[in-house]
$ cat my_file23.pdb   # PDB, C-alpha atoms and all ligand atoms
ATOM      1  CA  MET A   1     -36.989 -43.028  19.166
ATOM      2  CA  THR A   2     -38.856 -44.356  16.145
ATOM      3  CA  TYR A   3     -42.628 -44.494  16.041
ATOM      4  CA  GLU A   4     -42.632 -48.268  16.592
ATOM      5  CA  GLU A   5     -40.360 -47.893  19.624
ATOM      6  CA  LYS A   6     -42.618 -45.249  21.147
ATOM      7  CA  LYS A   7     -45.684 -47.376  20.593
ATOM      8  CA  GLN A   8     -43.936 -50.367  22.156
ATOM      9  CA  LEU A   9     -42.923 -48.233  25.141
ATOM     10  CA  ALA A  10     -46.518 -47.120  25.707
ATOM     11  CA  HIS A  11     -47.712 -50.723  25.520
ATOM     12  CA  ASP A  12     -45.008 -51.783  27.968
ATOM     13  CA  TYR A  13     -46.185 -49.135  30.413
ATOM     14  CA  LEU A  14     -49.743 -50.382  30.115
ATOM     15  CA  LYS A  15     -48.867 -54.064  30.319
ATOM     16  CA  ASN A  16     -46.491 -53.803  33.241
ATOM     17  CA  LYS A  17     -47.576 -54.271  36.803
ATOM     18  CA  GLU A  18     -48.592 -51.184  38.774
ATOM     19  CA  SER A  19     -45.580 -51.672  41.041
ATOM     20  CA  GLU A  20     -43.214 -51.149  38.108
ATOM     21  CA  ILE A  21     -44.484 -47.653  37.352
ATOM     22  CA  GLU A  22     -42.125 -46.010  39.775
ATOM     23  CA  PHE A  23     -39.134 -47.194  37.754
ATOM     24  CA  ARG A  24     -40.067 -45.171  34.676
ATOM     25  CA  PRO A  25     -38.360 -41.914  33.826
ATOM     26  CA  PHE A  26     -40.688 -39.378  35.440
ATOM     27  CA  PHE A  27     -41.013 -37.195  32.350
ATOM     28  CA  ASN A  28     -42.063 -40.120  30.164
ATOM     29  CA  MET A  29     -45.420 -39.563  31.826
ATOM     30  CA  ILE A  30     -47.591 -37.020  30.032
ATOM     31  CA  TYR A  31     -48.953 -33.959  31.817
ATOM     32  CA  PRO A  32     -52.734 -33.965  31.240
ATOM     33  CA  PHE A  33     -52.837 -30.184  31.622
ATOM     34  CA  THR A  34     -50.313 -27.453  32.143
ATOM     35  CA  THR A  35     -49.489 -26.717  35.768
ATOM     36  CA  GLU A  36     -48.845 -23.064  34.927
ATOM     37  CA  ASN A  37     -51.139 -20.079  34.962
ATOM     38  CA  LEU A  38     -50.877 -19.538  31.221
ATOM     39  CA  ALA A  39     -53.692 -16.978  31.324
ATOM     40  CA  GLY A  40     -51.440 -14.838  33.516
ATOM     41  CA  PHE A  41     -48.805 -14.157  30.865
ATOM     42  CA  PHE A  42     -49.110 -16.291  27.732
ATOM     43  CA  ASN A  43     -51.191 -13.822  25.757
ATOM     44  CA  ALA A  44     -51.538 -12.231  22.317
ATOM     45  CA  ASP A  45     -48.925  -9.572  23.164
ATOM     46  CA  LEU A  46     -46.366 -12.290  23.740
ATOM     47  CA  VAL A  47     -47.299 -14.637  20.916
ATOM     48  CA  LYS A  48     -48.967 -12.920  17.953
ATOM     49  CA  ASP A  49     -46.899 -13.167  14.751
ATOM     50  CA  LYS A  50     -43.953 -14.509  16.750
ATOM     51  CA  LYS A  51     -41.698 -17.477  16.082
ATOM     52  CA  ILE A  52     -42.013 -19.412  19.314
ATOM     53  CA  LEU A  53     -40.102 -22.294  20.856
ATOM     54  CA  LEU A  54     -41.782 -23.988  23.808
ATOM     55  CA  THR A  55     -42.085 -27.096  25.940
ATOM     56  CA  GLY A  56     -44.838 -28.917  27.850
ATOM     57  CA  SER A  57     -46.213 -32.381  27.108
ATOM     58  CA  SER A  58     -49.775 -31.292  27.951
ATOM     59  CA  ALA A  59     -49.791 -29.386  24.621
ATOM     60  CA  ASP A  60     -51.608 -26.515  26.344
ATOM     61  CA  GLN A  61     -48.764 -24.122  25.539
ATOM     62  CA  ILE A  62     -48.980 -25.120  21.855
ATOM     63  CA  LEU A  63     -52.745 -24.751  21.661
ATOM     64  CA  THR A  64     -52.540 -21.355  23.362
ATOM     65  CA  SER A  65     -49.956 -20.319  20.750
ATOM     66  CA  GLN A  66     -52.357 -21.416  18.016
ATOM     67  CA  LEU A  67     -55.126 -19.404  19.671
ATOM     68  CA  TYR A  68     -53.013 -16.241  19.705
ATOM     69  CA  ASP A  69     -51.725 -16.637  16.140
ATOM     70  CA  ALA A  70     -48.055 -17.479  16.505
ATOM     71  CA  LYS A  71     -46.191 -17.314  13.189
ATOM     72  CA  LYS A  72     -44.154 -20.448  13.851
ATOM     73  CA  ILE A  73     -44.302 -23.050  16.636
ATOM     74  CA  THR A  74     -41.535 -25.480  17.586
ATOM     75  CA  HIS A  75     -42.101 -27.790  20.531
ATOM     76  CA  PHE A  76     -39.295 -29.617  22.299
ATOM     77  CA  ASP A  77     -39.683 -32.112  25.098
ATOM     78  CA  ILE A  78     -37.970 -35.137  26.526
ATOM     79  CA  ASN A  79     -41.365 -36.842  26.627
ATOM     80  CA  PRO A  80     -41.666 -39.318  23.717
ATOM     81  CA  PHE A  81     -45.453 -39.025  23.413
ATOM     82  CA  ALA A  82     -45.791 -35.233  23.212
ATOM     83  CA  GLU A  83     -46.748 -35.154  19.522
ATOM     84  CA  TYR A  84     -49.482 -37.770  20.007
ATOM     85  CA  MET A  85     -50.845 -35.829  22.968
ATOM     86  CA  TYR A  86     -50.969 -32.639  20.914
ATOM     87  CA  ASN A  87     -52.796 -34.398  18.097
ATOM     88  CA  LEU A  88     -55.235 -35.981  20.559
ATOM     89  CA  LYS A  89     -56.059 -32.603  22.109
ATOM     90  CA  LYS A  90     -56.270 -30.924  18.705
ATOM     91  CA  ALA A  91     -58.710 -33.606  17.506
ATOM     92  CA  ALA A  92     -60.703 -33.447  20.767
ATOM     93  CA  LEU A  93     -60.999 -29.709  20.330
ATOM     94  CA  LYS A  94     -62.525 -30.182  16.889
ATOM     95  CA  GLU A  95     -64.953 -32.898  18.017
ATOM     96  CA  LEU A  96     -66.021 -32.018  21.588
ATOM     97  CA  SER A  97     -67.605 -29.125  23.442
ATOM     98  CA  SER A  98     -65.346 -27.347  25.915
ATOM     99  CA  PHE A  99     -67.029 -29.100  28.853
ATOM    100  CA  ASN A 100     -66.645 -32.553  27.270
ATOM    101  CA  PHE A 101     -63.049 -31.750  26.353
ATOM    102  CA  LEU A 102     -62.227 -30.981  29.978
ATOM    103  CA  ASP A 103     -64.250 -33.935  31.232
ATOM    104  CA  TYR A 104     -62.378 -36.279  28.863
ATOM    105  CA  PHE A 105     -58.853 -35.235  29.850
ATOM    106  CA  TYR A 106     -59.515 -34.498  33.529
ATOM    107  CA  TYR A 107     -58.977 -37.277  36.002
ATOM    108  CA  ASN A 108     -59.490 -37.634  39.671
ATOM    109  CA  LEU A 109     -61.068 -40.363  41.668
ATOM    110  CA  GLU A 110     -64.506 -38.832  41.228
ATOM    111  CA  ASN A 111     -64.384 -38.573  37.451
ATOM    112  CA  ALA A 112     -65.228 -41.852  35.758
ATOM    113  CA  ASN A 113     -65.608 -40.117  32.378
ATOM    114  CA  SER A 114     -61.896 -39.721  31.965
ATOM    115  CA  PHE A 115     -60.751 -40.973  28.549
ATOM    116  CA  ARG A 116     -64.208 -42.448  28.003
ATOM    117  CA  LEU A 117     -64.563 -44.561  24.845
ATOM    118  CA  LYS A 118     -67.724 -42.721  23.785
ATOM    119  CA  GLU A 119     -65.735 -39.481  23.457
ATOM    120  CA  TYR A 120     -62.709 -41.183  21.917
ATOM    121  CA  GLU A 121     -64.887 -42.593  19.141
ATOM    122  CA  LYS A 122     -65.746 -39.011  18.174
ATOM    123  CA  ILE A 123     -62.196 -37.741  18.616
ATOM    124  CA  ARG A 124     -60.681 -40.400  16.382
ATOM    125  CA  ASN A 125     -62.617 -38.973  13.410
ATOM    126  CA  SER A 126     -60.174 -36.053  13.491
ATOM    127  CA  LEU A 127     -57.039 -38.111  14.119
ATOM    128  CA  GLU A 128     -54.800 -39.423  11.403
ATOM    129  CA  GLY A 129     -51.459 -41.110  10.705
ATOM    130  CA  GLU A 130     -49.270 -42.254  13.590
ATOM    131  CA  SER A 131     -51.416 -40.498  16.186
ATOM    132  CA  LEU A 132     -54.552 -42.360  15.073
ATOM    133  CA  ASP A 133     -52.680 -45.661  15.093
ATOM    134  CA  PHE A 134     -51.069 -44.902  18.472
ATOM    135  CA  TRP A 135     -54.288 -44.110  20.351
ATOM    136  CA  ASP A 136     -56.329 -46.787  18.511
ATOM    137  CA  SER A 137     -53.782 -49.427  19.462
ATOM    138  CA  LEU A 138     -54.075 -48.438  23.129
ATOM    139  CA  TYR A 139     -57.888 -48.330  23.116
ATOM    140  CA  ASP A 140     -57.931 -51.731  21.334
ATOM    141  CA  ASN A 141     -55.974 -53.339  24.160
ATOM    142  CA  TYR A 142     -56.608 -51.520  27.425
ATOM    143  CA  SER A 143     -59.428 -49.878  29.338
ATOM    144  CA  PRO A 144     -59.787 -46.076  29.045
ATOM    145  CA  LEU A 145     -59.010 -45.503  32.716
ATOM    146  CA  LYS A 146     -55.939 -47.685  32.506
ATOM    147  CA  ILE A 147     -54.632 -45.588  29.614
ATOM    148  CA  ARG A 148     -55.309 -42.406  31.560
ATOM    149  CA  LYS A 149     -53.759 -43.685  34.775
ATOM    150  CA  ARG A 150     -50.678 -45.370  33.334
ATOM    151  CA  LEU A 151     -49.569 -42.975  30.621
ATOM    152  CA  PHE A 152     -50.204 -39.729  32.492
ATOM    153  CA  ILE A 153     -48.978 -38.125  35.630
ATOM    154  CA  LEU A 154     -51.926 -38.892  37.867
ATOM    155  CA  ARG A 155     -52.136 -35.701  39.817
ATOM    156  CA  ASP A 156     -55.189 -36.688  41.797
ATOM    157  CA  GLU A 157     -54.616 -33.587  43.811
ATOM    158  CA  GLU A 158     -54.702 -31.402  40.719
ATOM    159  CA  GLU A 159     -56.692 -28.241  40.297
ATOM    160  CA  LYS A 160     -60.423 -28.642  40.566
ATOM    161  CA  MET A 161     -61.823 -29.088  37.094
ATOM    162  CA  ASN A 162     -63.380 -25.626  36.835
ATOM    163  CA  LYS A 163     -60.111 -23.981  37.767
ATOM    164  CA  TYR A 164     -58.702 -24.872  34.363
ATOM    165  CA  TYR A 165     -61.086 -22.423  32.729
ATOM    166  CA  ASP A 166     -59.166 -19.666  34.517
ATOM    167  CA  LEU A 167     -55.674 -21.003  33.920
ATOM    168  CA  ILE A 168     -55.789 -22.099  30.287
ATOM    169  CA  PRO A 169     -56.739 -19.362  27.811
ATOM    170  CA  TYR A 170     -58.199 -21.555  25.064
ATOM    171  CA  LEU A 171     -60.630 -23.250  27.457
ATOM    172  CA  LYS A 172     -62.525 -20.026  28.019
ATOM    173  CA  ARG A 173     -65.748 -20.360  26.117
ATOM    174  CA  ASN A 174     -65.318 -17.764  23.362
ATOM    175  CA  ASN A 175     -61.686 -18.692  22.885
ATOM    176  CA  TYR A 176     -62.525 -22.378  22.616
ATOM    177  CA  GLU A 177     -65.041 -21.705  19.866
ATOM    178  CA  LEU A 178     -62.585 -19.381  18.135
ATOM    179  CA  LEU A 179     -59.891 -22.057  18.219
ATOM    180  CA  GLN A 180     -62.307 -24.678  16.897
ATOM    181  CA  GLU A 181     -62.712 -22.573  13.750
ATOM    182  CA  LYS A 182     -59.038 -21.710  13.340
ATOM    183  CA  GLU A 183     -56.703 -22.928  10.641
ATOM    184  CA  PHE A 184     -53.813 -24.384  12.657
ATOM    185  CA  ILE A 185     -50.227 -23.761  11.622
ATOM    186  CA  PRO A 186     -48.047 -26.891  11.508
ATOM    187  CA  VAL A 187     -45.998 -27.612  14.642
ATOM    188  CA  GLU A 188     -42.431 -28.877  14.558
ATOM    189  CA  PHE A 189     -41.671 -31.466  17.284
ATOM    190  CA  ILE A 190     -38.186 -32.064  18.648
ATOM    191  CA  GLU A 191     -37.812 -34.919  21.110
ATOM    192  CA  CYS A 192     -34.729 -34.092  23.121
ATOM    193  CA  ASN A 193     -33.206 -33.254  26.437
ATOM    194  CA  LEU A 194     -32.973 -29.538  27.150
ATOM    195  CA  LEU A 195     -29.189 -29.832  27.245
ATOM    196  CA  GLU A 196     -29.101 -31.026  23.640
ATOM    197  CA  LEU A 197     -31.631 -28.508  22.425
ATOM    198  CA  ALA A 198     -29.217 -26.020  20.851
ATOM    199  CA  ASN A 199     -27.762 -28.854  18.718
ATOM    200  CA  ASN A 200     -31.224 -29.605  17.391
ATOM    201  CA  LEU A 201     -32.285 -26.082  16.410
ATOM    202  CA  LYS A 202     -31.953 -24.513  12.978
ATOM    203  CA  ASP A 203     -33.741 -21.173  13.148
ATOM    204  CA  LYS A 204     -33.924 -18.167  15.438
ATOM    205  CA  TYR A 205     -36.957 -17.505  17.641
ATOM    206  CA  ASP A 206     -38.657 -14.390  19.017
ATOM    207  CA  VAL A 207     -39.945 -16.175  22.141
ATOM    208  CA  LEU A 208     -38.315 -19.142  23.878
ATOM    209  CA  TYR A 209     -40.246 -20.611  26.778
ATOM    210  CA  PHE A 210     -38.602 -23.132  29.099
ATOM    211  CA  SER A 211     -41.464 -23.665  31.518
ATOM    212  CA  ASN A 212     -40.069 -24.545  34.936
ATOM    213  CA  ILE A 213     -37.494 -27.088  33.770
ATOM    214  CA  LEU A 214     -34.472 -25.129  34.920
ATOM    215  CA  GLY A 215     -36.063 -24.340  38.257
ATOM    216  CA  ARG A 216     -36.645 -27.988  38.945
ATOM    217  CA  ILE A 217     -32.973 -28.716  39.038
ATOM    218  CA  GLU A 218     -33.493 -31.432  41.582
ATOM    219  CA  MET A 219     -35.412 -33.350  38.941
ATOM    220  CA  SER A 220     -33.443 -32.394  35.889
ATOM    221  CA  TYR A 221     -30.165 -33.063  34.244
ATOM    222  CA  PHE A 222     -28.857 -29.815  35.646
ATOM    223  CA  PHE A 223     -28.525 -31.388  39.032
ATOM    224  CA  ASN A 224     -25.038 -32.761  39.024
ATOM    225  CA  GLU A 225     -21.604 -31.485  39.845
ATOM    226  CA  ASN A 226     -21.501 -29.608  36.504
ATOM    227  CA  TYR A 227     -24.761 -27.783  36.830
ATOM    228  CA  ILE A 228     -23.314 -24.266  36.778
ATOM    229  CA  GLU A 229     -21.507 -25.068  33.550
ATOM    230  CA  ASN A 230     -24.579 -26.799  32.194
ATOM    231  CA  ILE A 231     -26.786 -23.770  32.716
ATOM    232  CA  TYR A 232     -24.166 -21.383  31.403
ATOM    233  CA  ASN A 233     -23.557 -23.515  28.302
ATOM    234  CA  PHE A 234     -27.259 -23.878  27.825
ATOM    235  CA  MET A 235     -27.854 -20.111  27.870
ATOM    236  CA  THR A 236     -24.888 -19.450  25.588
ATOM    237  CA  GLY A 237     -26.144 -22.052  23.104
ATOM    238  CA  ILE A 238     -29.717 -20.822  23.196
ATOM    239  CA  LEU A 239     -28.748 -17.188  22.584
ATOM    240  CA  ASN A 240     -27.553 -18.211  19.103
ATOM    241  CA  PHE A 241     -31.139 -19.122  18.334
ATOM    242  CA  THR A 242     -32.714 -15.980  19.775
ATOM    243  CA  GLU A 243     -33.598 -13.015  17.558
ATOM    244  CA  ASP A 244     -32.467  -9.564  18.674
ATOM    245  CA  GLU A 245     -35.104  -8.235  21.078
ATOM    246  CA  GLY A 246     -36.226 -11.848  21.433
ATOM    247  CA  LYS A 247     -37.461 -12.949  24.859
ATOM    248  CA  ILE A 248     -36.129 -15.966  26.699
ATOM    249  CA  LEU A 249     -38.682 -16.948  29.341
ATOM    250  CA  ILE A 250     -36.100 -18.673  31.400
ATOM    251  CA  ASN A 251     -38.226 -20.051  34.207
ATOM    252  CA  TYR A 252     -41.735 -20.160  35.587
ATOM    253  CA  PHE A 253     -41.686 -19.857  39.374
ATOM    254  CA  TYR A 254     -44.578 -20.991  41.522
ATOM    255  CA  SER A 255     -45.809 -19.210  44.611
ATOM    256  CA  ILE A 256     -42.938 -16.822  44.942
ATOM    257  CA  SER A 257     -44.741 -14.650  47.510
ATOM    258  CA  LYS A 258     -45.371 -17.583  49.809
ATOM    259  CA  LYS A 259     -41.647 -18.010  50.141
ATOM    260  CA  ASP A 260     -41.474 -14.333  51.007
ATOM    261  CA  ILE A 261     -39.192 -13.278  48.203
ATOM    262  CA  TYR A 262     -41.686 -11.913  45.734
ATOM    263  CA  ASP A 263     -41.046  -8.267  46.619
ATOM    264  CA  LYS A 264     -37.316  -8.614  46.361
ATOM    265  CA  THR A 265     -35.332  -8.311  43.175
ATOM    266  CA  ASN A 266     -35.065 -10.897  40.450
ATOM    267  CA  GLU A 267     -31.527 -11.521  41.486
ATOM    268  CA  ASP A 268     -32.735 -12.616  44.889
ATOM    269  CA  ALA A 269     -35.195 -14.932  43.188
ATOM    270  CA  ILE A 270     -32.387 -16.382  41.130
ATOM    271  CA  LYS A 271     -30.225 -16.863  44.190
ATOM    272  CA  TYR A 272     -33.114 -18.456  45.960
ATOM    273  CA  ILE A 273     -33.121 -21.329  43.531
ATOM    274  CA  HIS A 274     -29.323 -21.314  43.343
ATOM    275  CA  TYR A 275     -28.958 -19.874  39.877
ATOM    276  CA  PRO A 276     -25.372 -18.841  39.289
ATOM    277  CA  THR A 277     -25.977 -15.121  38.854
ATOM    278  CA  SER A 278     -22.328 -14.246  38.418
ATOM    279  CA  ARG A 279     -22.097 -16.591  35.443
ATOM    280  CA  PHE A 280     -25.181 -15.081  33.904
ATOM    281  CA  ASN A 281     -23.578 -11.670  34.154
ATOM    282  CA  CYS A 282     -20.935 -12.984  31.797
ATOM    283  CA  ILE A 283     -23.527 -12.850  29.042
ATOM    284  CA  ASN A 284     -23.397  -9.127  28.457
ATOM    285  CA  ASN A 285     -25.936  -8.612  25.723
ATOM    286  CA  ILE A 286     -29.027  -9.530  27.692
ATOM    287  CA  ASN A 287     -30.971  -7.929  30.448
ATOM    288  CA  TYR A 288     -34.059  -9.153  32.159
ATOM    289  CA  HIS A 289     -37.312  -8.130  33.677
ATOM    290  CA  GLU A 290     -40.134 -10.094  35.186
ATOM    291  CA  MET A 291     -43.711 -10.809  34.393
ATOM    292  CA  VAL A 292     -46.041 -11.676  37.168
ATOM    293  CA  SER A 293     -49.146 -13.761  37.231
ATOM    294  CA  ILE A 294     -51.365 -14.541  40.134
ATOM    295  CA  SER A 295     -52.472 -18.039  40.996
ATOM    296  CA  GLU A 296     -54.532 -19.220  43.914
ATOM    297  CA  HIS A 297     -51.422 -20.545  45.627
ATOM    298  CA  GLY A 298     -49.622 -17.238  45.624
ATOM    299  CA  ARG A 299     -47.932 -15.091  43.017
ATOM    300  CA  ASP A 300     -46.153 -16.879  40.242
ATOM    301  CA  THR A 301     -43.377 -15.271  38.312
ATOM    302  CA  VAL A 302     -41.866 -15.826  34.913
ATOM    303  CA  MET A 303     -38.353 -14.594  34.536
ATOM    304  CA  VAL A 304     -37.591 -13.129  31.156
ATOM    305  CA  TYR A 305     -34.342 -12.201  29.489
ATOM    306  CA  THR A 306     -34.610  -9.862  26.539
ATOM    307  CA  LYS A 307     -31.782 -10.166  24.059
ATOM    308  CA  LYS A 308     -30.429  -6.729  23.226
TER
HETATM  309  C1  LIG B 401     -40.793 -29.437  33.967
HETATM  310  S1  LIG B 401     -42.343 -30.061  33.307
HETATM  311  C2  LIG B 401     -43.523 -29.257  34.381
HETATM  312  C3  LIG B 401     -44.907 -29.007  33.831
HETATM  313  C4  LIG B 401     -45.069 -27.607  33.291
HETATM  314  N1  LIG B 401     -45.103 -26.637  34.363
HETATM  315  C5  LIG B 401     -46.296 -27.469  32.400
HETATM  316  O1  LIG B 401     -47.189 -26.714  32.736
HETATM  317  O2  LIG B 401     -46.329 -28.145  31.363
HETATM  318  C6  LIG B 401     -42.471 -29.293  31.729
HETATM  319  C7  LIG B 401     -42.068 -30.208  30.585
HETATM  320  O3  LIG B 401     -40.667 -30.353  30.588
HETATM  321  C8  LIG B 401     -40.338 -31.642  30.113
HETATM  322  N2  LIG B 401     -38.980 -31.904  30.594
HETATM  323  C9  LIG B 401     -38.590 -32.152  31.864
HETATM  324  N3  LIG B 401     -37.255 -32.271  31.952
HETATM  325  C10 LIG B 401     -36.780 -32.083  30.682
HETATM  326  C11 LIG B 401     -35.483 -32.074  30.120
HETATM  327  N4  LIG B 401     -34.406 -32.278  30.860
HETATM  328  N5  LIG B 401     -35.378 -31.860  28.791
HETATM  329  C12 LIG B 401     -36.479 -31.641  28.009
HETATM  330  N6  LIG B 401     -37.721 -31.635  28.496
HETATM  331  C13 LIG B 401     -37.889 -31.862  29.810
HETATM  332  C14 LIG B 401     -41.438 -32.536  30.684
HETATM  333  O4  LIG B 401     -41.596 -33.703  29.941
HETATM  334  C15 LIG B 401     -42.648 -31.626  30.644
HETATM  335  O5  LIG B 401     -43.424 -31.842  29.479
END

$ encode --input "my_file23.pdb" --output "structure tokens"
Amino acid sequence: MTYEEKKQLAHDYLKNKESEIEFRPFFNMIYPFTTENLAGFFNADLVKDKKILLTGSSADQILTSQLYDAKKITHFDINPFAEYMYNLKKAALKELSSFNFLDYFYYNLENANSFRLKEYEKIRNSLEGESLDFWDSLYDNYSPLKIRKRLFILRDEEEKMNKYYDLIPYLKRNNYELLQEKEFIPVEFIECNLLELANNLKDKYDVLYFSNILGRIEMSYFFNENYIENIYNFMTGILNFTEDEGKILINYFYSISKKDIYDKTNEDAIKYIHYPTSRFNCINNINYHEMVSISEHGRDTVMVYTKK
């Protein structure tokens, strides 16, 4: 999609009637914040001096990678607005205190400050190029709350505001101030479906993070009669872009313990979400282990394959 097409799409979403929202592709909506416990595993050990490929339209995974000094960051996502969201958060980080940052992006029915113009007028001082034009054009035509409600996944039920301080490493006070002073490395953005990702990559990565896309097969392109082949082809393609000893964080699982499988093996976890384990065994040069983080809902797990 060209810049003009993306801008038009955003305006269409804002102009259209509320009742038409449900007809949009779900992942064209931006996540305001990550839904993952990044603090539980996305740390300096994983990221420092690493070439990292990641996803997540909230940009929280990117900003955390900047915090922990990744060597290279490539972001892929099917969401057409991901780059503008990253630039908005990056600019907000430069211009706002950590409380005002959270207050600006956070929305629930009790928070009228969401996307407030007063904060945007500060943020725009650190925006430039397409991102400045994109957000300016929305603020010129629509109310702040309309932008926040129409372009983002609403998630009224989302974590209480303070909870984000625990989940997102760069929001912690010292980290936030550290990140404000940091020289950011440039981020490469690839707008594509996961299934086309391997065709869009050029370089090898040390860390490849696929969030929970593969686990949400009911919502993704993996959910069709070819899904076993799709996952197998995906893994085979991605391994070409993984450095030796590189880690593929294949899926983030929520609340594994609640479903009473946490203490079992990874293979059981894979079976639980219908991963085709036998096909994975065909890829001989990888093995896997798990990393575990703890969220309020239960224990979350990230499954990791290490390329040997
Ligand atoms: C599965 S969503 C869930 C939110 C995620 N747990 C987080 O914390 O950001 C993660 C990201 O995957 C993107 N996504 C979903 N399906 C995709 C697909 N088939 N190809 C590429 N990106 C996809 C969404 O746009 C979203 O930004």

$ closest_residue --input "my_file23.pdb" --among "A:Lys89, A:Lys307, A:Lys7, A:Lys94" --to "Glu183 in chain A" --atoms "all atoms listed in the file"
A:Lys94

$ closest_residue --input "my_file23.pdb" --among "A:Met161, A:Leu93, A:Val47, A:Leu54" --to "ligand LIG 401 (chain B)" --atoms "all atoms listed in the file"
A:Leu54

$ resolve_selection --input "my_file23.pdb" --expression "the PyMOL selection byres (((chain A and resi 119) around 9) and not hetatm)" --output "list in words"
Ala92, Glu95, Leu96, Asn100, Phe101, Tyr104, Asn113, Phe115, Arg116, Leu117, Lys118, Tyr120, Glu121, Lys122, Ile123 and Arg124 of chain A

$ closest_residue --input "my_file23.pdb" --among "A:Thr34, A:Ser98, A:Gln8, A:Gln61" --to "ligand LIG 401 (chain B)" --atoms "only C-alpha atoms and all ligand atoms"
A:Thr34

$ resolve_selection --input "my_file23.pdb" --expression "the PyMOL selection byres (((not hetatm)) within 7 of (chain B and resi 401))" --output "list in words"
Phe27, Asn28, Ile30, Tyr31, Phe33, Thr34, Thr35, Glu36, Thr55, Gly56, Ser57, Ser58, Phe76, Asp77, Ile78, Asn79, Cys192, Asn193, Leu194, Leu195, Ser211, Asn212, Ile213, Arg216, Ser220 and Tyr221 of chain A

$ closest_residue --input "my_file23.pdb" --among "A:Asn199, A:Asp136, A:Gly129, A:Asn37" --to "Tyr165 in chain A" --atoms "all atoms listed in the file"
A:Asn37

$ atom_distance --input "my_file23.pdb" --atom1 "CA of Pro144 in chain A" --atom2 "CA of Glu128 in chain A"
19.5 Å

$ residues_near_point --input "my_file23.pdb" --point "(-35.5, -19.0, 17.0)" --cutoff "10 Å" --atoms "all atoms listed in the file" --output "ChimeraX atom specification"
/A:50-53,72-74,201-208,238-243,246

$ closest_residue --input "my_file23.pdb" --among "A:Asp69, A:Asp103, A:Asp49, A:Asp140" --to "His11 in chain A" --atoms "all atoms listed in the file"
A:Asp140
